[in-house]
Each structure stands twice: as C-alpha cells, then as structure tokens.
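Each remark here refers to the structure printed beneath this line.
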Amino acid sequence: MDEKERIIQLRRELHEHNHRYYVLNQPTISDQEFDFLMHELQDLEARHPELYDANSPTQRVGSDLSQEFRQVAHRYPMLSLANTYSEQDVAAWYESVEKGLQGEPFEVCCELKYDGLSISLTYEDGRLTQAVTRGDGVRGDDVTANVKTIRSIPLVLSPTTPPLPPKSFEIRGEILMPWKVFERLNAEREAAEEPLFANPRNAASGTLKSLSSALVASRQLDAYLYYLLGDDIPAEGHYENLQAAASWGFKISQGMRKVNSLQGIYDFINYWDTERKNLPVATDGIVLKVNSLRQQRSLGYTAKSPRWAIAYKFKAERARTLLQSVSYQVGRTGAVTPVANMEPVQLAGTTVRRATLNNEDFIRSFDLHLGDYVYVEKGGEIIPKIVGVDVDARPIIAQPVEFIKHCPECGARLVRYEGEAAWYCPNDTQCPPQIKGRIEHFISRKAMNIDSLGPETVDEYFHRGLIKNVADLYDIEVQQINGDGSRTKSAQRIVNGIAKSKDVPFERVVFALGIRFVGETSAKLLARHFKTMEALQQATAEQLIEVDGIGDVMAASIVSYFRNDDNRQLVERLKGYGLQMSLSDEQLSAQSDRLAGQSIVISGVFQHHSRDEYKALIEQHGGKNVGSISKKTSFILAGDNMGPSKLEKAQKLGVRIMSEDEFLQIIS
C-alpha cells in the first residue's frame with residue numbers, strides 16, 4: 001500500500017472511531033491506539049501537503065453533539081489537549097515552554113486527568129444559568145436541566161469571605177460516574193441481558209444525554225472542576241483560581257500540585273500512576289498546565305490545542321495469569337457466550353477471575369489452550385479482556401479450547417446462522433435461560449411495559465412454577481403471589497399491570513414475542529405491512545423479504561418461529577387473553593403511502609412534535625427512517641439547530657432540506 005492509499009485508509013478509520021467514541025459511546029480501540037493512528041496520519045499528511053483535506057480527522061475536533069438538545073456556542077472555544085504517553089515527550093513539551101518563554105521562570109500545575117464528559121458551567125450573579133457539553137469545541141449541547149440533578153455541582157454560590165466570585169464567569173470540568181455506581185449499573189444491565197457500558201466515561205456520557213432528568217438523577221453522577229474563565233477572575237494563577245473556586249463550593253481535585261522542575265512533574269506522574277487506583281472515580285492520565293495566566297497568553301495556541309498544556313496518558317494495565325477453564329453462558333436469544341475462568345489476579349484495583357471470550361472466532365484468533373498463560377487488560381475499561389497469550393509458556397500437554405456443540409442448559413445441538421459470529425441454542429421454547437429471558441423481554445418497557453415486574457420477580461415465579469412462558473402471566477391471580485398475606489397491595493399492582501398491558505398496540509406485541517433478529521423497528525415494519533398477526537403468521541419467506549428492511553436471515557427466523565407448534569399455541573393464548581393482534585382502526589385510517597420509497601433523515605430540534613413522533617409519522621406514511629445522509633437520502637426533515645456536519649454534507653450531495661411545516665403539509 002502506498003502512502004496516498006494509507007492516508008485515505010487512516011482518514012476513513014479515524015472518522016469511524018471518532019463516530020463510535022463521541023456519538024455512539026461505543027469505542028472499539030483504546031485512546032492510545034487512536035492517538036498512534038492520528039500521529040501516523042499527521043506525519044503522512046505533513047509529507048504530502050498536496051493531499052490536504054479540510055475534512056481530515058487531523059483538521060477537526062471530535063464531536064459529541066446530540067440533535068436531541070439545543071446547541072449553544074461557547075464563549076471560549078473548548079479545545080482538546082495534545083496527548084503523550086512517554087516521559088520523553090513530556091520533557092520535549094517542557095523544553096518548548098522554556099523556549100517559548102525565553103528562559104523566564106515558570107510553574108507547572110499538575111492535575112489528575114479525569115475520564116468523563118467535558119462540561120462548561122456558566123454562573124451569573126452566583127447562580128448556575130447554563131451547562132454545555134464540549135460538543136465540537138465551538139458549540140455544545142445545552143444539558144442544564146440534567147446537570148442540575150448532579151449534587152456535587154452547586155446551583156447557588158454563597159461565599160462569605162474573599163475572594164468573592166465574579167458577577168459572571170465560566171468553570172469547566174468533567175462529569176463522572178463513580179466506580180461503585182458504574183459497577184451497580186452494569187450488574188443491573190447484565191441481569192437484564194442488556195449491553196454493558198464499556199467504562200464509566202461511556203456510562204456518564206450516555207446518562208447525561210438522556211432525555212429524562214429523573215434517570216440522570218438516579219445515576220448519581222459526580223463532577224470535578226478544573227478550569228476557571230472570565231473577565232474578572234480573582235487571580236493571575238490557575239492553581240490559585242481553583243483554590244478560590246473550591247472556597248465558593250466547587251468540587252476541585254485535592255491531588256493538584258504546583259512544581260517548578262521537570263523532576264517535580266515526573267514525581268507527580270509516578271505517584272499517581274499507582275495511587276489513582278484508590279480513587280472513587282476513573283482517571284486516565286495527568287494534565288500539565290503552565291500556572292501563570294499571563295504566560296499562558298504569551299504561549300498561545302496551535303490550531304487545535306493550547307501550547308501551555310499537555311496531557312500525559314497512563315498506559316493500559318496488563319497482567320499475566322493462568323487460563324484454568326472455559327464455561328458457557330446462554331442468553332435470552334439463545335446466543336452462547338464463552339467465558340474464561342482464570343487464576344485470580346490483581347488488575348486496576350480489583351481481583352479479576354473471569355473475562356469474556358466473545359465467540360468461537362475470538363478463541364481461534366488466539367489459538368487458546370487450557371493451561372495457557374494469558375495477558376489480561378482493563379485499561380480505562382472495567383470489563384476485563386484477554387489481549388494475548390504467552391505461547392512460550394504453554395505446557396506440552398495443553399489442549400486447544402474446543403467450542404461446545406450442545407447447549408449447556410438443555411442439551412440441544414447448537415446452530416450458527418449465516419453471517420453471525422455467535423452459536424445459538426435453537427431450543428427457544430424449553431431452554432430455561434431463554435424462557436426467563438423471553439419473559440423479561442416481554443415485560444420490558446419497549447415491549448409490553450409491565451413495570452410492576454422485574455427480573456428477580458420473573459425468576460421467583462419461574463422457579464415456583466407459576467410461569468413457564470409469557471402467556472402464563474395472564475393467569476396469575478393475587479392470592480398466588482400474595483404469600484403470607486402481607487403483600488396484597490404489591491400483588492394487586494402486579495396483576496393490574498399485567499391486565500393493563502392488554503392495551504399495548506400491535507407492533508409492540510410483535511416485538512414482545514421475542515422472535516430472533518426482530519427488533520423494535522423491524523416489528524413496526526412487519527406490523528404495518530401485514531396489519532394482523534394472522535397475516536404475519538401465514539407469510540412466506542418470499543413475502544417477508546418484500547418488506548423493506550427485512551432480510552433473508554430475519555425472514556427465515558420469522559417463518560421458523562411460526563412453524564413451531566408451541567409458539568403458535570402461545571400466540572393463540574395471548575389472543576384469547578385480549579392482547580392486540582392487529583392494527584387499530586385509528587392506525588389503519590391514518591396510514592398512507594405518501595412517503596413510500598423515500599429514505600428520510602431527521603435532524604435538529606422541533607416545535608410541533610418530538611423526534612420519536614416524527615419517526616412514527618414517517619413510518620406511518622410509508623417512509624423509511626435512516627440515520628446518516630447519503631446520495632440515496634430523499635430529504636432531511638430539519639428542525640432548529642441542525643447539526644453543522646449534516647448541513648454541510650447535505651449541501652455537498654444536493655440533498656433537499658425540508659422544514660417541519662413543509663413536512664406536515666405533505667402528510668396532512
């Protein structure tokens with residue numbers, strides 16, 4: 001591959017990683033791996049100025065903008081810091097500061113680099129008036145309502161001794177999820193068989209971007225502040241300003257230290273490389289800042305970062321331990337996940353005994369043998385993962401790890417579907433984890449929304465023999481679950497919640513059945529195309545594939561589901577209990593084909609309806625919701641504050657931008 005091709009490849013990869021990190025909150029590589037790719041691209045672009053591209057990842061700051069929130073311009077741009085992983089680079093930065101200040105003495109403020117979501121807080125007359133995320137560095141999302149639920153952020157300042165806060169100022173920091181809260185949240189998600197958050201940073205980001213302030217409050221987020229801005233701040237020293245902010249009621253790191261030598265920086269790094277493991281929140285490095293604001297102004301900025309500051313990133317922690325055995329877990333969908341059981345080892349402050357092995361392909365990629373010594377990492381992630389094998393230490397008699405052929409729960413022979421990495425247990429009507437998982441899925445919020453039940457209750461009822469499938473829920477009576485008679489109210493609430501679910505619309509009933517590969521969107525498509533459960537049951541694979549968005553694998557799964565006698569009997573029972581088995585007359589009368597064949601992107605903030613309501617309207621009138629703009633996009637339904645990157649791409653591709661009022665006129 002020549003250097004031009006490598007530049008194109010790196011740009012494509014880094015754009016994808018930026019999207020996963022800032023938008024999806026689902027990073028697939030470490031920060032260090034990302035930085036190495038970025039440095040490689042920067043070096044190649046420097047050698048080939050003729051290949052300059054204004055949209056290269058090196059020319060922009062990654063964005064975490066969400067179209068669900070109003071976007072606000074920052075008074076002061078929120079730039080990112082240059083990253084380094086070596087003491088040699090720290091020394092080079094220190095020397096560049098010395099050179100930039102022409103030998104003038106200077107102090108460096110050493111701080112912990114907290115691994116959270118950057119936030120900028122504005123205070124007017126001692127009151128919090130606005131909280132904005134970093135966004136793209138120029139504009140961010142206004143998340144004031146959510147931030148007000150974070151107890152460590154003061155809403156009103158009431159200092160009594162000087163220095164008093166300015167009339168107007170901005171203070172920046174990180175929103176964090178403490179380790180204890182994160183571990184509890186992931187335990188709850190694991191029990192519900194929901195995807196786990198990779199690390200507290202992703203969990204904090206996902207929480208803060210929630211449209212429910214009540215959810216944000218329940219997650220017990222925390223915040224550490226690290227930078228004061230304004231026209232009338234009290235001191236000429238960064239450290240001194242933060243001490244003043246601490247006296248006003250802000251949570252400031254107690255680990256800050258001022259030093260005046262390179263050795264002082266090294267001592268700070270070495271101390272916290274170990275001690276950070278005892279902190280209640282995640283950190284991923286050290287931030288070094290020239291303390292004097294006058295000297296900061298003198299040193300200035302590059303296009304993307306200040307010259308007076310740098311971030312030193314800790315290396316991912318790795319440990320070597322013995323792979324003792326491999327066990328297998330069966331999920332709600334029947335997917336079988338292998339788990340490595342290892343000799344206990346200390347890693348990132350906790351004892352690690354188990355690590356997911358993902359699937360059979362993952363095991364083969366490492367050529368894992370029982371008795372191998374494996375390398376395990378956490379780094380910024382709480383979920384341990386195997387990253388390598390010490391092949392030289394492999395015992396001669398070690399046997400390769402062979403993926404099981406039969407379900408460990410029910411004994412059924414496993415199957416692997418085309419295009420899938422996982423092996424599945426096909427015995428979905430009699431395999432206990434699948435039965436319980438399907439019941440938990442059935443009662444979930446986006447399905448039948450029986451919020452009076454939970455996984456623990458389902459497990460109890462299953463073991464007591466009260467429920468063997470979802471239809472059995474509708475036979476439950478108060479006296480069966482009232483126990484010794486002391487739980488009458490809660491038992492009645494459960495029975496009432498189950499009865500209320502009979503009003504849930506047809507498309508959610510389809511989703512609630514838990515047909516493999518049929519998600520929430522697919523269920524809507526199927527319900528609106530076939531209109532009745534009877535028609536869906538009788539559909540052939542060819543008829544199913546005619547529905548836009550339904551592929552071969554999903555069609556085969558739906559046909560297989562309804563061929564099963566147990567499933568057909570289950571649906572008949574649910575029909576007998578009064579669940580909605582067809583679109584309502586109101587839904588049918590509201591349907592049209594005005595948007596048939598059109599792919600539509602939604603962007604911005606709307607006045608008349610919510611984004612979810614507009615998505616439903618698009619589907620109701622035969623259109624298709626898509627998440628990204630391409631040449632195939634029919635038009636963009638645009639509200640206020642449409643994302644700048646989407647606007648630019650739409651103009652470049654010539655995609656029509658339609659206003660909210662225009663859209664409503666078309667479908668009215």
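Order determines the names: the first chain of the structure tokens is A, the second B, and so forth; residues in each chain are numbered 1 upward, and ligands are numbered 1 upward as they are shown.
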Mind checking which residues fall within 6 Å of stretch 326-332 of chain A, counting only C-alpha atoms, ignoring those fewer than 3 positions away in the same chain, and posting them as a PyMOL selection string? chain A and resi 335-341+434+437-438
Sel. of strand (DSSP E or B) residues, stretch 48-206 of chain A, as an NGL selection string: :A and (71-73 or 83-84 or 108-114 or 117-124 or 127-133 or 139-142 or 156 or 168-176)
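Taking atom CA of A:Tyr114 and atom CA of A:Gln32 as endpoints, the distance between them is 15.8 Å.
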Just want the 9 Å neighbourhood of stretch 250-262 of chain A, counted on only C-alpha atoms, with same-chain residues fewer than 5 positions away dropped. Output as a compact mmCIF listing (two decimals) with N, CA, C and O atoms, in the first residue's frame.
# COMPACT_ATOMS: atom_id res chain seq x y z
N VAL A 90 7.02 14.45 27.45
CA VAL A 90 6.79 15.46 28.50
C VAL A 90 7.98 16.41 28.56
O VAL A 90 7.83 17.63 28.66
N ALA A 91 9.18 15.84 28.50
CA ALA A 91 10.40 16.66 28.53
C ALA A 91 10.45 17.60 27.32
O ALA A 91 10.84 18.78 27.44
N TYR A 94 8.12 20.44 27.94
CA TYR A 94 8.68 21.33 28.96
C TYR A 94 9.73 22.25 28.33
O TYR A 94 9.76 23.47 28.58
N PRO A 105 11.38 32.12 34.30
CA PRO A 105 10.95 31.05 35.22
C PRO A 105 9.43 30.86 35.14
O PRO A 105 8.68 31.81 34.92
N PHE A 106 8.99 29.61 35.32
CA PHE A 106 7.56 29.32 35.30
C PHE A 106 7.25 28.14 36.22
O PHE A 106 8.12 27.32 36.53
N GLU A 107 5.99 28.08 36.64
CA GLU A 107 5.49 26.97 37.44
C GLU A 107 4.53 26.15 36.60
O GLU A 107 3.84 26.68 35.72
N VAL A 108 4.48 24.85 36.88
CA VAL A 108 3.53 23.95 36.21
C VAL A 108 2.55 23.42 37.25
O VAL A 108 2.96 22.94 38.32
N CYS A 109 1.26 23.53 36.94
CA CYS A 109 0.24 22.95 37.80
C CYS A 109 -0.05 21.53 37.30
O CYS A 109 -0.45 21.34 36.15
N CYS A 110 0.20 20.55 38.15
CA CYS A 110 -0.02 19.14 37.81
C CYS A 110 -1.38 18.72 38.35
O CYS A 110 -1.67 18.91 39.53
N GLU A 111 -2.22 18.12 37.49
CA GLU A 111 -3.57 17.71 37.88
C GLU A 111 -3.86 16.31 37.39
O GLU A 111 -3.25 15.84 36.42
N LEU A 112 -4.81 15.67 38.02
CA LEU A 112 -5.29 14.39 37.53
C LEU A 112 -6.18 14.61 36.32
O LEU A 112 -6.93 15.60 36.26
N SER A 152 -23.09 17.36 43.32
CA SER A 152 -21.79 17.98 43.61
C SER A 152 -21.60 19.30 42.86
O SER A 152 -20.60 19.98 43.06
N ILE A 153 -22.54 19.66 42.00
CA ILE A 153 -22.47 20.94 41.28
C ILE A 153 -23.39 21.94 41.98
O ILE A 153 -24.60 21.74 42.04
N PRO A 154 -22.83 23.02 42.54
CA PRO A 154 -23.67 23.99 43.26
C PRO A 154 -24.58 24.75 42.30
O PRO A 154 -24.16 25.18 41.22
N LEU A 157 -24.21 29.96 44.64
CA LEU A 157 -22.99 30.17 45.42
C LEU A 157 -23.28 31.16 46.55
O LEU A 157 -23.98 32.15 46.34
N ALA A 223 -18.97 15.35 39.68
CA ALA A 223 -18.27 16.30 38.83
C ALA A 223 -17.04 16.86 39.54
O ALA A 223 -17.09 17.16 40.73
N TYR A 224 -15.95 16.96 38.80
CA TYR A 224 -14.74 17.62 39.28
C TYR A 224 -14.45 18.78 38.32
O TYR A 224 -14.44 18.60 37.09
N LEU A 225 -14.20 19.96 38.86
CA LEU A 225 -13.96 21.15 38.05
C LEU A 225 -12.47 21.48 38.02
O LEU A 225 -11.77 21.30 39.02
N TYR A 226 -11.99 22.01 36.86
CA TYR A 226 -10.54 22.17 36.74
C TYR A 226 -10.09 23.43 35.99
O TYR A 226 -8.90 23.61 35.74
N TYR A 239 -3.74 27.71 39.51
CA TYR A 239 -3.89 26.97 40.77
C TYR A 239 -4.65 27.81 41.79
O TYR A 239 -5.56 27.33 42.47
N LEU A 242 -8.37 28.04 41.15
CA LEU A 242 -9.13 26.83 41.53
C LEU A 242 -9.29 26.73 43.04
O LEU A 242 -10.31 26.23 43.53
N GLN A 243 -8.30 27.20 43.79
CA GLN A 243 -8.45 27.22 45.25
C GLN A 243 -9.58 28.17 45.65
O GLN A 243 -10.36 27.90 46.57
N ALA A 245 -12.16 28.86 43.70
CA ALA A 245 -13.40 28.18 43.30
C ALA A 245 -13.81 27.14 44.34
O ALA A 245 -15.00 26.95 44.61
N ASP A 267 7.86 13.09 39.41
CA ASP A 267 7.47 12.58 40.73
C ASP A 267 5.95 12.51 40.85
O ASP A 267 5.39 11.55 41.40
N PHE A 268 5.26 13.53 40.33
CA PHE A 268 3.79 13.57 40.38
C PHE A 268 3.21 12.43 39.54
O PHE A 268 2.30 11.72 39.98
N TRP A 272 0.97 9.14 41.10
CA TRP A 272 -0.43 8.89 40.76
C TRP A 272 -0.63 7.69 39.84
O TRP A 272 -1.74 7.16 39.74
N ASN A 291 1.17 27.52 35.03
CA ASN A 291 0.25 28.07 36.02
C ASN A 291 -0.12 29.52 35.77
O ASN A 291 -1.26 29.93 35.97
Might you pull out every residue within 9 Å of A:Ile550, with only C-alpha atoms counted and same-chain residues fewer than 5 positions away left off, and present them as a PyMOL selection string? chain A and resi 518+522+525-526+544-545+555
Using C-alpha atoms, can you write the selected residues to a file as a CSV table (one decimal), in the first residue's frame?
chain,number,residue,atom,x,y,z
A,518,VAL,CA,-36.7,-9.0,15.1
A,522,SER,CA,-38.5,-4.5,12.4
A,525,LEU,CA,-42.4,-2.6,9.7
A,526,LEU,CA,-43.9,-6.1,9.9
A,544,LEU,CA,-41.5,-11.2,4.2
A,545,ILE,CA,-38.4,-10.2,2.2
A,555,ALA,CA,-37.4,-13.8,7.2
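Among A:Leu185, A:Ile8, A:Val495, A:Leu617, the residue with the shortest atom-to-atom distance to A:Leu51, counting only C-alpha atoms, is A:Ile8.
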Set the distance at 7 Å and use only C-alpha atoms: which residues neighbour stretch 625-635 of chain A once local chain neighbours fewer than 4 positions away are removed? I'd like the list as a PyMOL selection string. chain A and resi 598-601+615+618+650+653+655-658
Saved selection, atoms kept: N, CA and C atoms, as a compact mmCIF listing (two decimals), in the first residue's frame:
# COMPACT_ATOMS: atom_id res chain seq x y z
N GLN A 598 -39.30 6.45 0.16
CA GLN A 598 -38.42 7.57 0.49
C GLN A 598 -37.63 7.30 1.77
N SER A 599 -36.33 7.61 1.73
CA SER A 599 -35.45 7.47 2.89
C SER A 599 -35.22 8.85 3.47
N ILE A 600 -35.52 9.01 4.76
CA ILE A 600 -35.56 10.34 5.37
C ILE A 600 -34.67 10.40 6.60
N VAL A 601 -33.89 11.47 6.69
CA VAL A 601 -33.04 11.73 7.85
C VAL A 601 -33.69 12.83 8.67
N LYS A 615 -40.60 10.21 13.65
CA LYS A 615 -40.19 8.91 13.11
C LYS A 615 -41.42 8.02 12.89
N ILE A 618 -43.31 9.19 9.81
CA ILE A 618 -42.64 8.78 8.57
C ILE A 618 -42.98 7.33 8.24
N ALA A 650 -25.28 17.57 3.40
CA ALA A 650 -26.49 17.68 2.58
C ALA A 650 -26.26 18.63 1.41
N LEU A 653 -24.01 16.98 -1.23
CA LEU A 653 -24.65 15.92 -2.02
C LEU A 653 -25.91 16.41 -2.73
N VAL A 655 -28.80 17.15 -1.29
CA VAL A 655 -30.00 16.56 -0.68
C VAL A 655 -30.94 17.68 -0.21
N ARG A 656 -32.21 17.55 -0.49
CA ARG A 656 -33.20 18.57 -0.12
C ARG A 656 -33.35 18.65 1.39
N ILE A 657 -33.46 19.87 1.90
CA ILE A 657 -33.71 20.10 3.33
C ILE A 657 -35.14 20.63 3.46
N MET A 658 -35.98 19.89 4.20
CA MET A 658 -37.39 20.22 4.31
C MET A 658 -37.71 20.70 5.73
Stretch 204-219 of chain A: which residues within 12 Å, counting only C-alpha atoms, same-chain residues fewer than 4 positions away excluded, as a PyMOL selection string? chain A and resi 21-26+64-70+115-119+131-135+140-152+174-186+196-200+223+281-282+610-612
Write out as a list in words the residues lying within 10 Å of A:Glu343, counting only C-alpha atoms and excluding same-chain residues fewer than 3 positions away.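 Surrounding residues, per the criterion: Arg320, Thr321, Leu322, Leu323, Gln324, Ser325, Ala340, Thr351, Val352, Arg353, Arg354 and Tyr373 of chain A.
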For A:His15, which residue out of A:Arg307, A:Gln295, A:Glu420, A:Leu37 is the nearest one, using only C-alpha atoms?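 Nearest to A:His15: A:Leu37.
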Taking the DSSP secondary structure from the backbone, can you list the residues of stretch 390-605 of chain A that are alpha helix (DSSP H), as a ChimeraX atom specification? /A:432-443,455-463,478-481,488-500,506-512,520-530,533-538,541-545,552-563,565-576,585-590
So, counting only C-alpha atoms, which residue among A:Val547, A:Ala471, A:Leu101, A:Met642 is closest to A:Asn567?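 Between A:Val547, A:Ala471, A:Leu101, A:Met642, the residue approaching A:Asn567 most closely is A:Ala471.
Distance check against A:Asp593 using only C-alpha atoms: of A:Ile666, A:Ala556, A:Ile515, A:Val571, the minimum falls on A:Ile666.
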For a quick check of understanding, using only C-alpha atoms, which of A:Phe36, A:Tyr85, A:Trp308, A:Tyr417 has the smallest distance to A:Asp284? A:Tyr85
